[in-house]
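A.B. asks: Let me begin by handing over the structure; questions about it come next.
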Amino acid sequence: MLLIIDDDIAIQTSLSLLFRKEGFAVRVADGPFETFEVLEQETPELILLDMNFSVSTTGDDGLRLLRKLREQIPQVPVILITGWGSIDLAVEGMKAGAKDFITKPWQNDHLVQSVRTALNLAQTAPSSPNRRKLDQQFRFDNIVGEDPALLDILTTVGRVAPTDAPVLITGESGTGKELIAEAIHQNSRRHRQPFVKVNLGGISATLFESELFGHVRGAFTDARTDRVGRFELANKGSIFLDEIGDLDPASQVKLLRVLQDRTFEPLGSSKSRTVDVRVICATNRNLEEMVSRGHFREDLFYRINLISVRLPALRERPGDIPLLVTYFVNNLKTIYGRPDLQVSSTAQKWLKNLALPGNIRQLKNVVERSVLLSANEELQPDDFERNLTAGAVPQPQRAMPDVGTMTLEEMEYQMIQRAMAFHQNRVAKVARALGITRFALYRRLEKFGIPYTTEE
């Protein structure tokens with residue numbers, strides 16, 4: 001049963017008809033008093049809550065009732081709905097425990113989608129995930145590992161994939177955030193529709209609108225033809241916004257509007273277009289810290305962070321390193337025509353002790369270099385040691401400065417200098433070795449005043 005709490009009888013009627021048509025049982029309440037009368041009789045599966053029950057339009061009425069509902073029935077998801085759309089109000093509601101925030105007038109499809117998503121996420125999660133069972137239920141073909149932390153992540157992915165919940169994937173560079181985003185899409189109802197990837201760290205502020213929302217002919221000097229933006233290309237499918245922590249404040253505002261209203265205007269056009277897209281974001285930065293410092297919008301953070309997935313660094317799941325090495329080598333056997341290639345058990349144990357700041361991406365690079373440059377059919381520790389990328393050394397041999405003798409910024413400066421020297425200032429190779437994007441490396445080179453050339 002859905003409980004609709006709104007003092008406007010027209011809204012009650014409209015929402016009741018919509019959800020009864022979708023197969024839901026519905027009850028309505030005019031305000032707090034009627035709400036608790038209903039709750040004495042039965043517990044709803046979900047509540048749609050208006051934010052105002054008086055002449056005031058501050059939203060205080062709805063927030064007070066929301067807090068009481070969270071105390072009395074914390075397991076029941078609540079979606080806020082109001083005609084006085086305020087971003088600050090949305091943030092307050094999400095902090096108080098609301099699952100989503102919808103403004104009037106709403107889009108029926110989007111509202112129904114939001115309700116079904118909240119109901120699916122409210123279901124009890126299965127315990128003790130097992131890799132074999134997960135692989136039988138879901139498509140995780142390209143994700144390798146059996147670490148309990150990874151299995152918990154895959155269980156979460158399996159639960160949220162069929163919904164349209166926005167997902168924020170966090171973790172260090174090279175931990176496989178893009179693979180998790182692809183798994184969410186492949187296991188969703190949208191899997192036959194487009195999956196569009198956007199590296200926000202590689203898009204300048206001046207090109208942001210054109211890249212994401214498109215432009216019409218004549219919108220700017222070089223706009224000789226109309227261009228379809230990434231959001232429109234992803235319509236009915238999913239869009240993956242990588243490195244969202246690198247987005248500048250002005251672009252954050254423009255992105256928020258699309259996520260809030262599901263509408264956008266191509267650059268140079270005054271005609272709004274509606275988009276139906278599932279949004280998956282990723283970052284290697286601490287967005288909560290950025291919010292507290294005022295570098296990332298709090299309202300945008302709550303909009304993209306309904307479900308958060310943190311990927312562990314490879315050093316946190318060393319038991320998966322042999323599985324990953326075997327997976328990479330098996331693929332490389334076919335690519336390089338070496339069917340007898342294998343890795344010795346001694347080498348597998350040695351690889352587990354490597355410091356790999358670039359995580360899975362760096363491990364793959366080490367393995368491929370070793371396969372390419374070694375003539376042995378059974379790879380030994382020496383084969384890998386000769387082909388280590390910058391920053392990958394056995395953990396027992398690492399020389400770390402004493403605490404207090406060097407700041408993180410100084411360490412970063414020295415590591416970049418060493419990597420630039422090792423790779424002869426080849427920016428692409430340095431970026432891969434450090435486990436960051438070229439654009440992130442360019443920013444650091446400029447910050448530290450390290451000379452470089454854009455020629456590769």
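Going by the structure tokens order, chains are called A, B, ..., each with residues numbered from 1, while ligands are numbered from 1 in the order shown.
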As number ranges by chain, which residues of stretch 29-149 of chain A does DSSP assign to helix (DSSP H, G or I)?

C.D. replies: A: 32-41, 60-72, 87-95, 108-121, 131-137, 148-149

A.B. asks: Fewer than 4 positions away in the same chain doesn't count, so skip those; otherwise give me all residues within 10 Å of stretch 58-75 of chain A, counting only C-alpha atoms, as a PyMOL selection string.

C.D. replies: chain A and resi 5-6+31-32+35-36+39+43-47+49-54+79-82+84-86+89-90+92-93+96-98+122-123

A.B. asks: Let me see the file: selected residues, C-alpha atoms, as an mmCIF file, in the first residue's frame.

C.D. replies:
```
data_model
loop_
_atom_site.group_PDB
_atom_site.id
_atom_site.type_symbol
_atom_site.label_atom_id
_atom_site.label_comp_id
_atom_site.auth_asym_id
_atom_site.auth_seq_id
_atom_site.Cartn_x
_atom_site.Cartn_y
_atom_site.Cartn_z
ATOM 1 C CA ILE A 5 0.027 12.703 2.266
ATOM 2 C CA ASP A 6 -1.145 15.947 0.640
ATOM 3 C CA GLY A 31 -1.976 15.954 7.023
ATOM 4 C CA PRO A 32 -0.255 14.678 10.168
ATOM 5 C CA THR A 35 -1.518 10.132 8.669
ATOM 6 C CA PHE A 36 -1.212 8.652 12.149
ATOM 7 C CA LEU A 39 -0.660 4.128 10.543
ATOM 8 C CA THR A 43 1.881 0.108 7.675
ATOM 9 C CA PRO A 44 2.437 1.378 4.131
ATOM 10 C CA GLU A 45 5.185 0.079 1.848
ATOM 11 C CA LEU A 46 6.068 3.645 0.841
ATOM 12 C CA ILE A 47 4.967 7.195 1.627
ATOM 13 C CA LEU A 49 4.859 13.196 1.444
ATOM 14 C CA ASP A 50 3.915 16.782 0.591
ATOM 15 C CA MET A 51 6.082 19.410 2.290
ATOM 16 C CA ASN A 52 3.393 21.978 3.185
ATOM 17 C CA PHE A 53 0.080 21.667 5.041
ATOM 18 C CA SER A 54 -0.513 25.350 5.818
ATOM 19 C CA ILE A 79 9.612 10.349 -1.129
ATOM 20 C CA LEU A 80 9.111 14.103 -0.758
ATOM 21 C CA ILE A 81 6.907 15.947 -3.238
ATOM 22 C CA THR A 82 6.234 19.687 -3.288
ATOM 23 C CA TRP A 84 7.682 24.861 -3.823
ATOM 24 C CA GLY A 85 10.848 23.327 -5.178
ATOM 25 C CA SER A 86 13.793 24.482 -3.099
ATOM 26 C CA LEU A 89 14.708 21.989 1.202
ATOM 27 C CA ALA A 90 15.666 18.958 -0.875
ATOM 28 C CA GLU A 92 17.307 18.985 4.347
ATOM 29 C CA GLY A 93 14.810 16.297 3.402
ATOM 30 C CA ALA A 96 16.373 13.690 7.410
ATOM 31 C CA GLY A 97 16.049 10.341 5.670
ATOM 32 C CA ALA A 98 13.977 10.869 2.506
ATOM 33 C CA ALA A 122 13.924 -1.391 0.698
ATOM 34 C CA GLN A 123 13.939 -5.174 0.262
#
```

A.B. asks: Report as a PDB file with N, CA and C atoms, in the first residue's frame all protein, DNA and RNA residues lying within 12 Å of A:Asn286, evaluated on only C-alpha atoms, omitting residues in the same chain fewer than 6 positions from it.

C.D. replies:
```pdb
ATOM      1  N   LEU A 168      26.779   6.209  -7.010  1.00  0.00           N
ATOM      2  CA  LEU A 168      28.083   6.873  -6.952  1.00  0.00           C
ATOM      3  C   LEU A 168      29.126   5.818  -6.608  1.00  0.00           C
ATOM      4  N   ILE A 169      30.093   5.632  -7.499  1.00  0.00           N
ATOM      5  CA  ILE A 169      31.157   4.648  -7.300  1.00  0.00           C
ATOM      6  C   ILE A 169      32.426   5.401  -6.921  1.00  0.00           C
ATOM      7  N   THR A 170      32.993   5.073  -5.767  1.00  0.00           N
ATOM      8  CA  THR A 170      34.207   5.745  -5.309  1.00  0.00           C
ATOM      9  C   THR A 170      35.339   4.726  -5.168  1.00  0.00           C
ATOM     10  N   GLY A 171      36.546   5.234  -5.117  1.00  0.00           N
ATOM     11  CA  GLY A 171      37.703   4.356  -4.983  1.00  0.00           C
ATOM     12  C   GLY A 171      38.904   4.964  -5.678  1.00  0.00           C
ATOM     13  N   GLU A 172      40.072   4.445  -5.373  1.00  0.00           N
ATOM     14  CA  GLU A 172      41.303   4.954  -5.973  1.00  0.00           C
ATOM     15  C   GLU A 172      41.323   4.695  -7.475  1.00  0.00           C
ATOM     16  N   GLU A 243      34.931  10.700 -13.052  1.00  0.00           N
ATOM     17  CA  GLU A 243      35.667  11.842 -12.496  1.00  0.00           C
ATOM     18  C   GLU A 243      34.750  13.041 -12.229  1.00  0.00           C
ATOM     19  N   ILE A 244      33.604  12.782 -11.633  1.00  0.00           N
ATOM     20  CA  ILE A 244      32.650  13.867 -11.378  1.00  0.00           C
ATOM     21  C   ILE A 244      33.202  14.846 -10.348  1.00  0.00           C
ATOM     22  N   GLY A 245      34.164  14.418  -9.552  1.00  0.00           N
ATOM     23  CA  GLY A 245      34.775  15.324  -8.587  1.00  0.00           C
ATOM     24  C   GLY A 245      35.594  16.421  -9.228  1.00  0.00           C
ATOM     25  N   ASP A 246      35.905  16.284 -10.518  1.00  0.00           N
ATOM     26  CA  ASP A 246      36.692  17.310 -11.227  1.00  0.00           C
ATOM     27  C   ASP A 246      35.813  18.384 -11.860  1.00  0.00           C
ATOM     28  N   SER A 292      32.155  19.777   2.330  1.00  0.00           N
ATOM     29  CA  SER A 292      32.408  20.544   3.559  1.00  0.00           C
ATOM     30  C   SER A 292      33.289  21.759   3.305  1.00  0.00           C
ATOM     31  N   ARG A 293      34.146  21.669   2.272  1.00  0.00           N
ATOM     32  CA  ARG A 293      35.021  22.794   1.936  1.00  0.00           C
ATOM     33  C   ARG A 293      34.391  23.744   0.927  1.00  0.00           C
ATOM     34  N   HIS A 295      33.699  22.992  -2.228  1.00  0.00           N
ATOM     35  CA  HIS A 295      34.202  22.745  -3.582  1.00  0.00           C
ATOM     36  C   HIS A 295      33.260  21.893  -4.423  1.00  0.00           C
ATOM     37  N   PHE A 296      32.270  21.288  -3.769  1.00  0.00           N
ATOM     38  CA  PHE A 296      31.292  20.470  -4.497  1.00  0.00           C
ATOM     39  C   PHE A 296      29.922  20.739  -3.903  1.00  0.00           C
ATOM     40  N   PHE A 301      25.563  16.439  -4.636  1.00  0.00           N
ATOM     41  CA  PHE A 301      26.066  15.245  -3.955  1.00  0.00           C
ATOM     42  C   PHE A 301      24.920  14.329  -3.549  1.00  0.00           C
ATOM     43  N   ARG A 310      31.849   1.797  -2.612  1.00  0.00           N
ATOM     44  CA  ARG A 310      33.282   2.088  -2.499  1.00  0.00           C
ATOM     45  C   ARG A 310      34.083   0.852  -2.880  1.00  0.00           C
TER      46      ARG A 310
END
```

A.B. asks: Just asking: which residues within stretch 144-216 of chain A are strand (DSSP E) according to DSSP, as a list in words?

C.D. replies: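 Output for stretch 144-216 of chain A, strand (DSSP E) only: Val167, Leu168, Ile169, Thr170, Phe195, Val196, Lys197, Val198, Asn199, Gly214 and His215 of chain A.
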
A.B. asks: What does the structure give for the distance between atom CA of A:Ile450 and atom CA of A:Glu409, in Å to one decimal?

C.D. replies: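 Rounded to one decimal, the two atoms are 13.8 Å apart.
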
A.B. asks: Restricting the calculation to only C-alpha atoms: of A:Thr263, A:Thr437, A:Thr221, A:Asn331, which residue gets closest to A:Asn284?

C.D. replies: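 Distance minimum relative to A:Asn284 lands on A:Thr437.
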
A.B. asks: Taking only C-alpha atoms into account, name the residue in A:Asp100, A:Asp299, A:Asp164, A:Glu410 that is nearest to A:Val277.

C.D. replies: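 Residue with the minimum atom-to-atom distance to A:Val277: A:Asp164.
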
A.B. asks: I want to know what sits within 12 Å of A:Gln186, based on only C-alpha atoms, with residues of the same chain fewer than 4 positions away left out; could you give that as a ChimeraX atom specification?

C.D. replies: /A:138-142,157-158,160-162,179-182,190-195,237-238

A.B. asks: Ranking A:Glu40, A:Glu385, A:Glu378, A:Asp30 by minimum distance to A:Leu351 and counting only C-alpha atoms, which one comes first?

C.D. replies: A:Glu385

A.B. asks: Of the candidates A:Asn425, A:Leu200, A:Arg224, A:Leu341, which shows the shortest atom-to-atom distance to A:Phe439, using only C-alpha atoms?

C.D. replies: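 Smallest separation from A:Phe439 among the options: A:Leu200.
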